$ cat final.cif   # mmCIF, C-alpha atoms and all ligand atoms
data_query
#
loop_
_atom_site.label_atom_id
_atom_site.label_comp_id
_atom_site.auth_asym_id
_atom_site.auth_seq_id
_atom_site.Cartn_x
_atom_site.Cartn_y
_atom_site.Cartn_z
CA MET A 5 -17.50 11.00 -8.62
CA GLN A 6 -15.83 7.80 -7.37
CA VAL A 7 -12.79 8.31 -5.16
CA ALA A 8 -9.71 6.22 -4.34
CA ILE A 9 -7.55 6.99 -1.31
CA ILE A 10 -4.04 5.65 -1.73
CA MET A 11 -2.02 5.79 1.48
CA GLY A 12 1.78 5.62 1.40
CA VAL A 13 2.74 7.52 -1.73
CA GLY A 14 6.29 8.65 -2.34
CA PRO A 15 8.41 9.22 -5.45
CA ASP A 16 6.88 8.95 -8.90
CA ARG A 17 8.86 5.79 -9.66
CA GLY A 18 7.59 4.06 -6.49
CA MET A 19 4.71 1.66 -6.00
CA GLY A 20 2.37 4.13 -4.32
CA ALA A 21 2.70 6.64 -7.14
CA GLN A 22 2.26 4.05 -9.87
CA LEU A 23 -0.87 2.74 -8.13
CA CYS A 24 -2.21 6.30 -8.19
CA HIS A 25 -1.56 6.62 -11.93
CA ARG A 26 -3.24 3.30 -12.75
CA PHE A 27 -6.40 3.99 -10.76
CA ALA A 28 -6.58 7.51 -12.22
CA GLN A 29 -6.78 5.82 -15.63
CA ASN A 30 -9.85 4.00 -14.29
CA ASP A 31 -11.66 7.35 -13.94
CA LEU A 32 -11.29 7.54 -10.17
CA HIS A 33 -10.43 10.79 -8.43
CA ILE A 34 -7.22 9.97 -6.58
CA VAL A 35 -6.54 11.19 -3.07
CA VAL A 36 -2.76 10.93 -2.96
CA ALA A 37 -1.84 10.44 0.71
CA GLY A 38 1.45 10.18 2.57
CA ARG A 39 3.91 12.03 4.71
CA THR A 40 5.73 14.35 2.32
CA MET A 41 3.74 17.06 0.50
CA SER A 42 6.37 17.72 -2.20
CA LYS A 43 6.20 14.07 -3.35
CA LEU A 44 2.40 13.94 -3.14
CA GLU A 45 2.06 17.16 -5.14
CA GLN A 46 4.33 15.88 -7.86
CA VAL A 47 2.27 12.71 -8.28
CA ALA A 48 -1.03 14.62 -8.22
CA ASN A 49 0.27 17.18 -10.74
CA ASN A 50 1.38 14.41 -13.09
CA ILE A 51 -2.08 12.81 -12.87
CA VAL A 52 -3.78 16.11 -13.67
CA ALA A 53 -1.33 16.77 -16.54
CA GLY A 54 -2.35 13.37 -17.96
CA GLY A 55 -6.04 14.29 -17.92
CA GLY A 56 -6.99 12.71 -14.57
CA SER A 57 -8.02 14.28 -11.28
CA ALA A 58 -6.20 14.09 -7.97
CA THR A 59 -5.82 15.79 -4.60
CA PRO A 60 -2.67 15.52 -2.47
CA ILE A 61 -3.28 15.26 1.29
CA VAL A 62 -0.62 14.90 3.96
CA ALA A 63 -1.43 12.27 6.59
CA ASP A 64 0.71 10.14 8.86
CA THR A 65 -0.99 6.79 8.85
CA THR A 66 -0.09 6.12 12.47
CA SER A 67 -2.10 9.19 13.58
CA GLU A 68 -5.82 8.55 14.16
CA LEU A 69 -6.54 12.25 13.75
CA ASP A 70 -4.66 12.58 10.44
CA VAL A 71 -6.40 9.52 9.00
CA ALA A 72 -9.86 10.66 10.16
CA ASN A 73 -9.27 14.08 8.55
CA LEU A 74 -8.04 12.40 5.37
CA PHE A 75 -11.21 10.35 4.95
CA GLU A 76 -13.41 13.29 5.89
CA GLN A 77 -11.80 15.48 3.21
CA ALA A 78 -12.03 12.68 0.64
CA SER A 79 -15.73 12.16 1.43
CA ARG A 80 -16.41 15.75 0.33
CA ILE A 81 -15.02 14.91 -3.13
CA GLY A 82 -17.17 11.85 -3.86
CA ASP A 83 -18.05 8.25 -2.96
CA LEU A 84 -15.24 6.07 -1.70
CA SER A 85 -14.67 3.20 -4.12
CA LEU A 86 -11.16 2.15 -3.10
CA ALA A 87 -8.99 2.50 0.00
CA LEU A 88 -5.50 1.16 -0.66
CA TYR A 89 -2.93 0.76 2.11
CA ASN A 90 0.59 0.82 0.65
CA ALA A 91 2.57 2.37 3.52
CA GLY A 92 5.44 0.25 4.69
CA ASN A 93 8.90 0.57 6.22
CA ASN A 94 11.46 -2.13 5.62
CA THR A 95 13.35 -2.42 8.92
CA PRO A 96 16.37 -4.70 8.81
CA GLY A 97 18.33 -5.49 11.96
CA ARG A 98 19.49 -8.26 14.25
CA ILE A 99 17.05 -9.13 17.02
CA ASP A 100 19.56 -9.13 19.89
CA GLU A 101 20.63 -5.60 18.94
CA MET A 102 17.14 -4.22 18.31
CA SER A 103 15.47 -1.62 20.56
CA VAL A 104 11.83 -1.84 21.55
CA GLU A 105 11.26 1.55 19.86
CA TYR A 106 12.62 0.30 16.52
CA PHE A 107 10.53 -2.87 16.64
CA GLU A 108 7.41 -0.92 17.62
CA GLU A 109 7.89 1.66 14.85
CA ALA A 110 7.93 -1.12 12.23
CA TRP A 111 4.65 -2.44 13.65
CA ARG A 112 3.11 1.06 13.85
CA VAL A 113 3.60 1.76 10.15
CA CYS A 114 3.09 -1.72 8.69
CA CYS A 115 0.29 -3.00 10.94
CA LEU A 116 -1.33 -0.45 13.28
CA GLY A 117 -1.59 2.09 10.44
CA GLY A 118 -3.41 -0.53 8.34
CA PHE A 119 -5.96 -1.01 11.12
CA ILE A 120 -6.55 2.75 11.58
CA PHE A 121 -6.87 3.22 7.80
CA ALA A 122 -9.28 0.30 7.34
CA ARG A 123 -11.44 1.24 10.33
CA GLU A 124 -11.90 4.71 8.86
CA ALA A 125 -12.68 3.28 5.40
CA LEU A 126 -15.42 1.10 6.92
CA LYS A 127 -17.22 4.19 8.24
CA TYR A 128 -17.76 5.39 4.68
CA MET A 129 -18.10 2.06 2.83
CA LYS A 130 -20.38 0.12 5.20
CA PRO A 131 -23.46 2.37 4.89
CA LYS A 132 -23.24 2.14 1.06
CA GLU A 133 -22.41 -1.61 1.05
CA GLN A 134 -19.67 -1.14 -1.51
CA GLY A 135 -15.97 -0.51 -1.89
CA ALA A 136 -12.63 -2.30 -1.81
CA ILE A 137 -9.92 -2.14 0.85
CA LEU A 138 -6.61 -3.42 -0.52
CA PHE A 139 -3.25 -3.91 1.20
CA THR A 140 0.34 -4.15 -0.03
CA GLY A 141 2.15 -7.16 1.38
CA ALA A 142 5.69 -8.48 0.93
CA SER A 143 7.63 -11.76 1.12
CA ALA A 144 7.72 -10.88 4.83
CA SER A 145 3.93 -11.34 5.01
CA LEU A 146 4.40 -15.09 4.49
CA ARG A 147 7.66 -16.04 6.19
CA GLY A 148 10.24 -14.96 8.72
CA ARG A 149 13.79 -14.31 7.59
CA ALA A 150 17.04 -13.71 9.47
CA ASN A 151 17.79 -10.00 9.96
CA PHE A 152 14.21 -8.91 9.24
CA GLY A 153 12.44 -9.83 12.50
CA ALA A 154 10.68 -6.47 12.94
CA PHE A 155 9.49 -6.21 9.33
CA ASN A 156 8.43 -9.90 9.06
CA SER A 157 6.36 -9.79 12.23
CA SER A 158 4.58 -6.54 11.33
CA LYS A 159 3.84 -7.46 7.70
CA SER A 160 2.50 -10.90 8.67
CA ALA A 161 0.35 -9.25 11.34
CA LEU A 162 -1.08 -6.95 8.67
CA ARG A 163 -1.94 -9.98 6.52
CA GLY A 164 -3.73 -11.67 9.44
CA PHE A 165 -5.63 -8.46 10.11
CA ALA A 166 -6.62 -8.17 6.42
CA GLN A 167 -8.00 -11.74 6.47
CA ALA A 168 -10.09 -10.98 9.54
CA LEU A 169 -11.35 -7.79 7.89
CA ALA A 170 -12.28 -9.70 4.71
CA LYS A 171 -14.25 -12.30 6.67
CA GLU A 172 -15.96 -9.74 8.90
CA TYR A 173 -17.12 -7.27 6.22
CA GLY A 174 -17.55 -9.30 3.02
CA ILE A 175 -21.16 -9.72 4.07
CA ASN A 176 -21.45 -5.91 4.03
CA GLY A 177 -20.39 -5.80 0.38
CA ILE A 178 -16.80 -4.72 1.09
CA HIS A 179 -14.08 -6.53 -0.83
CA VAL A 180 -10.80 -6.87 1.07
CA GLY A 181 -7.68 -7.96 -0.78
CA HIS A 182 -3.96 -8.42 -0.14
CA VAL A 183 -1.16 -8.43 -2.72
CA VAL A 184 2.03 -10.26 -1.76
CA VAL A 185 4.97 -8.53 -3.42
CA ASP A 186 7.46 -11.38 -3.32
CA GLY A 187 10.78 -9.81 -4.24
CA ALA A 188 12.57 -6.50 -4.70
CA ILE A 189 10.75 -3.89 -6.76
CA ASN A 190 12.39 -2.23 -9.76
CA GLY A 191 11.49 1.19 -8.37
CA GLU A 192 12.93 4.30 -6.79
CA LYS A 193 13.66 2.81 -3.37
CA VAL A 194 15.73 -0.18 -4.45
CA LEU A 195 17.41 1.63 -7.34
CA THR A 196 18.53 4.63 -5.28
CA ARG A 197 18.93 3.28 -1.73
CA TYR A 198 20.21 -0.20 -2.54
CA PRO A 199 21.88 0.10 -5.99
CA ASP A 200 24.28 -2.76 -5.16
CA ILE A 201 21.34 -5.11 -4.54
CA ALA A 202 19.65 -3.93 -7.76
CA GLU A 203 22.82 -4.61 -9.70
CA GLN A 204 23.34 -7.98 -8.06
CA LEU A 205 19.77 -9.09 -8.83
CA GLY A 206 19.73 -7.69 -12.36
CA GLN A 207 16.64 -6.93 -14.46
CA GLU A 208 15.52 -10.58 -14.48
CA ARG A 209 15.05 -10.77 -10.70
CA LEU A 210 13.61 -7.31 -10.11
CA LEU A 211 9.83 -7.13 -9.95
CA GLN A 212 8.30 -4.70 -12.43
CA ILE A 213 5.86 -2.28 -10.78
CA GLU A 214 3.40 -2.64 -13.69
CA SER A 215 2.86 -6.34 -12.87
CA ILE A 216 2.14 -5.57 -9.23
CA VAL A 217 -0.23 -2.76 -10.15
CA ASP A 218 -2.02 -5.18 -12.52
CA ALA A 219 -2.74 -7.42 -9.51
CA PHE A 220 -4.34 -4.55 -7.58
CA GLU A 221 -6.45 -3.54 -10.56
CA TYR A 222 -7.57 -7.16 -11.01
CA LEU A 223 -8.77 -7.33 -7.39
CA TRP A 224 -10.54 -3.98 -7.58
CA LYS A 225 -12.42 -4.94 -10.77
CA GLN A 226 -13.78 -8.25 -9.44
CA PRO A 227 -17.57 -8.52 -9.14
CA LYS A 228 -19.22 -9.59 -5.86
CA SER A 229 -19.93 -13.00 -7.41
CA GLY A 230 -16.22 -13.89 -7.47
CA TRP A 231 -13.81 -12.27 -5.06
CA THR A 232 -10.13 -13.14 -4.53
CA PHE A 233 -8.55 -12.34 -1.17
CA GLU A 234 -4.92 -12.67 -2.16
CA VAL A 235 -2.66 -12.47 -5.19
CA ASP A 236 1.08 -13.14 -5.00
CA VAL A 237 3.45 -11.67 -7.57
CA ARG A 238 7.07 -12.71 -8.18
CA THR A 239 9.49 -12.98 -11.09
CA ALA A 240 10.05 -16.26 -12.91
CA THR A 241 13.51 -16.50 -11.37
CA GLU A 242 12.54 -15.86 -7.72
CA PRO A 243 13.43 -18.79 -5.43
CA TRP A 244 10.45 -19.24 -3.07
N1 LIG B 301 10.55 -1.71 -2.43
C1 LIG B 301 10.50 -3.03 -2.45
O1 LIG B 301 11.37 -3.70 -3.02
C2 LIG B 301 9.33 -3.76 -1.80
C3 LIG B 301 9.28 -5.15 -1.86
C4 LIG B 301 8.21 -5.83 -1.31
C5 LIG B 301 7.16 -5.11 -0.73
N2 LIG B 301 7.24 -3.74 -0.69
C6 LIG B 301 6.12 -3.01 -0.08
O2 LIG B 301 5.59 -2.14 -1.05
C7 LIG B 301 5.08 -0.97 -0.43
C8 LIG B 301 5.64 0.24 -1.12
O3 LIG B 301 7.02 0.23 -1.07
P1 LIG B 301 7.97 1.09 -2.02
O4 LIG B 301 9.35 0.74 -1.60
O5 LIG B 301 7.61 0.94 -3.45
O6 LIG B 301 7.68 2.57 -1.57
P2 LIG B 301 6.70 3.70 -2.22
O7 LIG B 301 5.41 3.07 -2.57
O8 LIG B 301 7.44 4.44 -3.26
O9 LIG B 301 6.55 4.65 -0.99
C9 LIG B 301 5.93 4.26 0.21
C10 LIG B 301 5.69 5.52 0.95
O10 LIG B 301 5.07 5.22 2.20
C11 LIG B 301 5.26 6.39 2.95
N3 LIG B 301 5.12 6.18 4.37
C12 LIG B 301 5.97 5.58 5.22
N4 LIG B 301 5.53 5.69 6.48
C13 LIG B 301 4.38 6.38 6.42
C14 LIG B 301 3.46 6.86 7.40
N5 LIG B 301 3.64 6.62 8.72
N6 LIG B 301 2.38 7.54 6.99
C15 LIG B 301 2.19 7.80 5.68
N7 LIG B 301 3.02 7.40 4.71
C16 LIG B 301 4.11 6.70 5.09
C17 LIG B 301 6.68 6.86 2.67
O11 LIG B 301 6.68 8.27 2.74
P3 LIG B 301 8.00 9.17 2.76
O12 LIG B 301 8.39 9.31 1.32
O13 LIG B 301 7.57 10.41 3.36
O14 LIG B 301 9.02 8.42 3.55
C18 LIG B 301 6.95 6.31 1.27
O15 LIG B 301 7.14 7.33 0.34
C19 LIG B 301 5.40 -1.09 1.06
O16 LIG B 301 4.27 -1.56 1.75
C20 LIG B 301 6.53 -2.13 1.08
O17 LIG B 301 6.59 -2.84 2.31
C21 LIG B 301 8.29 -3.05 -1.22
#
$ encode --input "final.cif" --output "structure tokens" --more "lines below"
Ligand SMILES: NC(=O)c1ccc[n+]([C@@H]2O[C@H](COP(=O)([O-])OP(=O)(O)OC[C@H]3O[C@@H](n4cnc5c(N)ncnc54)[C@H](OP(=O)(O)O)[C@@H]3O)[C@@H](O)[C@H]2O)c1
Amino acid sequence: MQVAIIMGVGPDRGMGAQLCHRFAQNDLHIVVAGRTMSKLEQVANNIVAGGGSATPIVADTTSELDVANLFEQASRIGDLSLALYNAGNNTPGRIDEMSVEYFEEAWRVCCLGGFIFAREALKYMKPKEQGAILFTGASASLRGRANFGAFNSSKSALRGFAQALAKEYGINGIHVGHVVVDGAINGEKVLTRYPDIAEQLGQERLLQIESIVDAFEYLWKQPKSGWTFEVDVRTATEPW
């Protein structure tokens, strides 16, 4: 059995969950990973109800021990085909009012966690010379923006790390990819936490999760003879 570990899964209408559903349709066993068991169980149960197979596992991506246990448990299910790093924390705030702890926490989740996750994936993928490690990026991966100093710096650091990873392990048969999500997602987080922003943007300027998930599936399906490192996804109306 081929296995996908998807790290950073929350509500069913969020990106992480929808990534799980799409890769389950590709006959992968999905290891649904994140911080909150109730959310992970719901996603895994929905996959199973739809005829797929999935296992929910709680892991904090900033904990080396949690991530090592996660990969070890997944390796008992089957061969690792995909490791997808979706965890992220949008951390707004003005720089002159920002504590070191707040800045560091953004970096821990968006960047350090990506390193811990990828390093563990390499342990299982390198000996078999196969597998894909994919990362979720944001507009912040490409440019700094006022009031988002912590998030911008950690997401762009993750992108730089992903490039280094791609160049270092392509030769070992491991495909590394990064998807830039350039805009607000029409998903649980924006709709429930920032309904005013969702209303202000309207349907035309909200990114549909399906389109983003398509980009991940495209990267994962590429043969070794033609790999893409990065895909950016935005709506037709996004100013960029
Ligand atoms: N939402 C947007 O508009 C938007 C736009 C551009 C890019 N993105 C990127 O897209 C990705 C997904 O965002 P989303 O808003 O759609 O959320 P989501 O995929 O629905 O959920 C992400 C999940 O990551 C989990 N997570 C956070 N810190 C973690 C940690 N230390 N260890 C393990 N899991 C952790 C959270 O768990 P809990 O539920 O337990 O908190 C959350 O449920 C992120 O990388 C984000 O930066 C989002």
$ closest_residue --input "final.cif" --among "A:Ile178, A:Glu101, A:Arg80, A:Leu116" --to "A:Lys132" --atoms "all atoms listed in the file"
A:Ile178
$ atom_distance --input "final.cif" --atom1 "atom CA of A:Phe27" --atom2 "atom CA of A:Lys159"
24.0 Å
$ atom_distance --input "final.cif" --atom1 "atom CA of A:Pro243" --atom2 "atom CA of A:Asp200"
19.4 Å
$ closest_atom_pairs --input "final.cif" --of "chain A" --to "ligand LIG 301 (chain B)" --cutoff "6 Å" --atoms "only C-alpha atoms and all ligand atoms" --output "tab-separated table"
residue	atom	partner	partner_atom	distance
A:Gly12	CA	B:LIG301	O10	3.4
A:Val13	CA	B:LIG301	C10	4.5
A:Gly14	CA	B:LIG301	O15	3.1
A:Pro15	CA	B:LIG301	O8	5.3
A:Gly18	CA	B:LIG301	O8	3.3
A:Met19	CA	B:LIG301	O7	3.8
A:Gly20	CA	B:LIG301	O7	3.7
A:Gly38	CA	B:LIG301	N7	3.8
A:Arg39	CA	B:LIG301	O13	4.2
A:Thr40	CA	B:LIG301	O13	4.5
A:Ala63	CA	B:LIG301	C15	5.8
A:Asp64	CA	B:LIG301	N6	3.6
A:Thr65	CA	B:LIG301	N6	3.9
A:Thr66	CA	B:LIG301	N5	5.3
A:Asn90	CA	B:LIG301	O16	4.5
A:Ala91	CA	B:LIG301	O10	4.0
A:Gly92	CA	B:LIG301	O16	3.6
A:Asn93	CA	B:LIG301	O17	5.7
A:Asn94	CA	B:LIG301	O17	5.9
A:Val113	CA	B:LIG301	N5	5.1
A:Thr140	CA	B:LIG301	O16	5.0
A:Gly141	CA	B:LIG301	C5	5.8
A:Ala142	CA	B:LIG301	C5	4.0
A:Val185	CA	B:LIG301	C4	4.7
A:Asp186	CA	B:LIG301	C4	6.0
A:Gly187	CA	B:LIG301	C3	5.4
A:Ala188	CA	B:LIG301	O1	3.5
A:Ile189	CA	B:LIG301	O1	3.8
A:Lys193	CA	B:LIG301	O4	5.1
A:Val194	CA	B:LIG301	N1	5.8
$ write_last_selection --input "final.cif" --atoms "C-alpha atoms" --output "PDB file, in the frame of the given file"
ATOM      1  CA  GLY A  12       1.780   5.620   1.400  1.00  0.00           C
ATOM      2  CA  VAL A  13       2.740   7.520  -1.730  1.00  0.00           C
ATOM      3  CA  GLY A  14       6.290   8.650  -2.340  1.00  0.00           C
ATOM      4  CA  PRO A  15       8.410   9.220  -5.450  1.00  0.00           C
ATOM      5  CA  GLY A  18       7.590   4.060  -6.490  1.00  0.00           C
ATOM      6  CA  MET A  19       4.710   1.660  -6.000  1.00  0.00           C
ATOM      7  CA  GLY A  20       2.370   4.130  -4.320  1.00  0.00           C
ATOM      8  CA  GLY A  38       1.450  10.180   2.570  1.00  0.00           C
ATOM      9  CA  ARG A  39       3.910  12.030   4.710  1.00  0.00           C
ATOM     10  CA  THR A  40       5.730  14.350   2.320  1.00  0.00           C
ATOM     11  CA  ALA A  63      -1.430  12.270   6.590  1.00  0.00           C
ATOM     12  CA  ASP A  64       0.710  10.140   8.860  1.00  0.00           C
ATOM     13  CA  THR A  65      -0.990   6.790   8.850  1.00  0.00           C
ATOM     14  CA  THR A  66      -0.090   6.120  12.470  1.00  0.00           C
ATOM     15  CA  ASN A  90       0.590   0.820   0.650  1.00  0.00           C
ATOM     16  CA  ALA A  91       2.570   2.370   3.520  1.00  0.00           C
ATOM     17  CA  GLY A  92       5.440   0.250   4.690  1.00  0.00           C
ATOM     18  CA  ASN A  93       8.900   0.570   6.220  1.00  0.00           C
ATOM     19  CA  ASN A  94      11.460  -2.130   5.620  1.00  0.00           C
ATOM     20  CA  VAL A 113       3.600   1.760  10.150  1.00  0.00           C
ATOM     21  CA  THR A 140       0.340  -4.150  -0.030  1.00  0.00           C
ATOM     22  CA  GLY A 141       2.150  -7.160   1.380  1.00  0.00           C
ATOM     23  CA  ALA A 142       5.690  -8.480   0.930  1.00  0.00           C
ATOM     24  CA  VAL A 185       4.970  -8.530  -3.420  1.00  0.00           C
ATOM     25  CA  ASP A 186       7.460 -11.380  -3.320  1.00  0.00           C
ATOM     26  CA  GLY A 187      10.780  -9.810  -4.240  1.00  0.00           C
ATOM     27  CA  ALA A 188      12.570  -6.500  -4.700  1.00  0.00           C
ATOM     28  CA  ILE A 189      10.750  -3.890  -6.760  1.00  0.00           C
ATOM     29  CA  LYS A 193      13.660   2.810  -3.370  1.00  0.00           C
ATOM     30  CA  VAL A 194      15.730  -0.180  -4.450  1.00  0.00           C
TER      31      VAL A 194
END
$ atom_distance --input "final.cif" --atom1 "atom CA of A:Ser42" --atom2 "atom CA of A:Leu88"
20.4 Å
$ closest_residue --input "final.cif" --among "A:Gly164, A:Gly117, A:Val217, A:Gly181" --to "A:Leu69" --atoms "all atoms listed in the file"
A:Gly117
$ residues_around --input "final.cif" --residues "A:Ala219" --least-positions-apart "3" --cutoff "12 Å" --atoms "all atoms listed in the file" --output "list in words"
Leu23, Arg26, Leu138, Phe139, Thr140, Gly141, Gly181, His182, Val183, Val184, Val185, Gln212, Ile213, Glu214, Ser215, Ile216, Tyr222, Leu223, Trp224, Lys225, Gln226, Thr232, Phe233, Glu234, Val235, Asp236, Val237 and Arg238 of chain A
$ closest_residue --input "final.cif" --among "A:Leu86, A:Val62, A:Met102, A:Ile175" --to "A:Gly135" --atoms "only C-alpha atoms"
A:Leu86
$ closest_residue --input "final.cif" --among "A:Ala150, A:Leu44, A:Ala136, A:Val7" --to "A:Gly82" --atoms "only C-alpha atoms"
A:Val7
$ residues_around --input "final.cif" --residues "A:Gln6" --least-positions-apart "6" --cutoff "8 Å" --atoms "only C-alpha atoms" --output "list in words"
Asp31, Leu32, His33, Gly82, Asp83, Leu84 and Ser85 of chain A
$ decode --input "final.cif" --residues "stretch 30-53 of chain A" --atoms "N, CA and C atoms" --output "mmCIF file, in the first residue's frame"
data_model
loop_
_atom_site.group_PDB
_atom_site.id
_atom_site.type_symbol
_atom_site.label_atom_id
_atom_site.label_comp_id
_atom_site.auth_asym_id
_atom_site.auth_seq_id
_atom_site.Cartn_x
_atom_site.Cartn_y
_atom_site.Cartn_z
ATOM 1 N N ASN A 30 -6.857 9.046 -5.033
ATOM 2 C CA ASN A 30 -5.757 8.508 -5.847
ATOM 3 C C ASN A 30 -5.243 7.180 -5.277
ATOM 4 N N ASP A 31 -6.079 6.526 -4.487
ATOM 5 C CA ASP A 31 -5.769 5.207 -3.919
ATOM 6 C C ASP A 31 -4.600 5.195 -2.946
ATOM 7 N N LEU A 32 -4.338 6.326 -2.315
ATOM 8 C CA LEU A 32 -3.312 6.351 -1.268
ATOM 9 C C LEU A 32 -3.992 6.163 0.084
ATOM 10 N N HIS A 33 -3.311 5.489 0.999
ATOM 11 C CA HIS A 33 -3.786 5.474 2.386
ATOM 12 C C HIS A 33 -3.348 6.801 2.997
ATOM 13 N N ILE A 34 -4.279 7.532 3.588
ATOM 14 C CA ILE A 34 -3.949 8.865 4.084
ATOM 15 C C ILE A 34 -3.711 8.853 5.592
ATOM 16 N N VAL A 35 -2.525 9.310 5.985
ATOM 17 C CA VAL A 35 -2.254 9.546 7.398
ATOM 18 C C VAL A 35 -2.582 11.022 7.643
ATOM 19 N N VAL A 36 -3.672 11.225 8.348
ATOM 20 C CA VAL A 36 -4.221 12.568 8.569
ATOM 21 C C VAL A 36 -3.581 13.102 9.853
ATOM 22 N N ALA A 37 -2.674 14.086 9.719
ATOM 23 C CA ALA A 37 -1.876 14.516 10.877
ATOM 24 C C ALA A 37 -2.111 15.984 11.227
ATOM 25 N N GLY A 38 -2.117 16.255 12.524
ATOM 26 C CA GLY A 38 -2.292 17.630 12.999
ATOM 27 C C GLY A 38 -2.391 17.636 14.499
ATOM 28 N N ARG A 39 -2.883 18.754 15.022
ATOM 29 C CA ARG A 39 -2.850 18.906 16.476
ATOM 30 C C ARG A 39 -4.107 18.433 17.204
ATOM 31 N N THR A 40 -5.239 18.437 16.498
ATOM 32 C CA THR A 40 -6.518 18.231 17.195
ATOM 33 C C THR A 40 -7.218 16.957 16.729
ATOM 34 N N MET A 41 -7.247 15.932 17.622
ATOM 35 C CA MET A 41 -7.758 14.621 17.237
ATOM 36 C C MET A 41 -9.203 14.666 16.706
ATOM 37 N N SER A 42 -10.061 15.476 17.324
ATOM 38 C CA SER A 42 -11.474 15.482 16.876
ATOM 39 C C SER A 42 -11.568 15.878 15.400
ATOM 40 N N LYS A 43 -10.763 16.835 14.968
ATOM 41 C CA LYS A 43 -10.793 17.277 13.557
ATOM 42 C C LYS A 43 -10.195 16.198 12.653
ATOM 43 N N LEU A 44 -9.112 15.590 13.117
ATOM 44 C CA LEU A 44 -8.443 14.556 12.308
ATOM 45 C C LEU A 44 -9.357 13.352 12.123
ATOM 46 N N GLU A 45 -10.036 12.977 13.210
ATOM 47 C CA GLU A 45 -10.946 11.820 13.149
ATOM 48 C C GLU A 45 -12.086 12.071 12.182
ATOM 49 N N GLN A 46 -12.592 13.287 12.206
ATOM 50 C CA GLN A 46 -13.718 13.594 11.314
ATOM 51 C C GLN A 46 -13.297 13.445 9.845
ATOM 52 N N VAL A 47 -12.117 13.966 9.530
ATOM 53 C CA VAL A 47 -11.631 13.870 8.143
ATOM 54 C C VAL A 47 -11.398 12.400 7.769
ATOM 55 N N ALA A 48 -10.738 11.666 8.664
ATOM 56 C CA ALA A 48 -10.449 10.244 8.383
ATOM 57 C C ALA A 48 -11.747 9.446 8.230
ATOM 58 N N ASN A 49 -12.727 9.719 9.098
ATOM 59 C CA ASN A 49 -14.006 9.005 9.002
ATOM 60 C C ASN A 49 -14.707 9.301 7.675
ATOM 61 N N ASN A 50 -14.644 10.547 7.240
ATOM 62 C CA ASN A 50 -15.279 10.905 5.965
ATOM 63 C C ASN A 50 -14.595 10.195 4.790
ATOM 64 N N ILE A 51 -13.273 10.055 4.875
ATOM 65 C CA ILE A 51 -12.541 9.347 3.815
ATOM 66 C C ILE A 51 -12.990 7.888 3.773
ATOM 67 N N VAL A 52 -13.042 7.278 4.938
ATOM 68 C CA VAL A 52 -13.433 5.855 5.012
ATOM 69 C C VAL A 52 -14.877 5.688 4.525
ATOM 70 N N ALA A 53 -15.748 6.615 4.920
ATOM 71 C CA ALA A 53 -17.160 6.541 4.485
ATOM 72 C C ALA A 53 -17.264 6.640 2.959
#
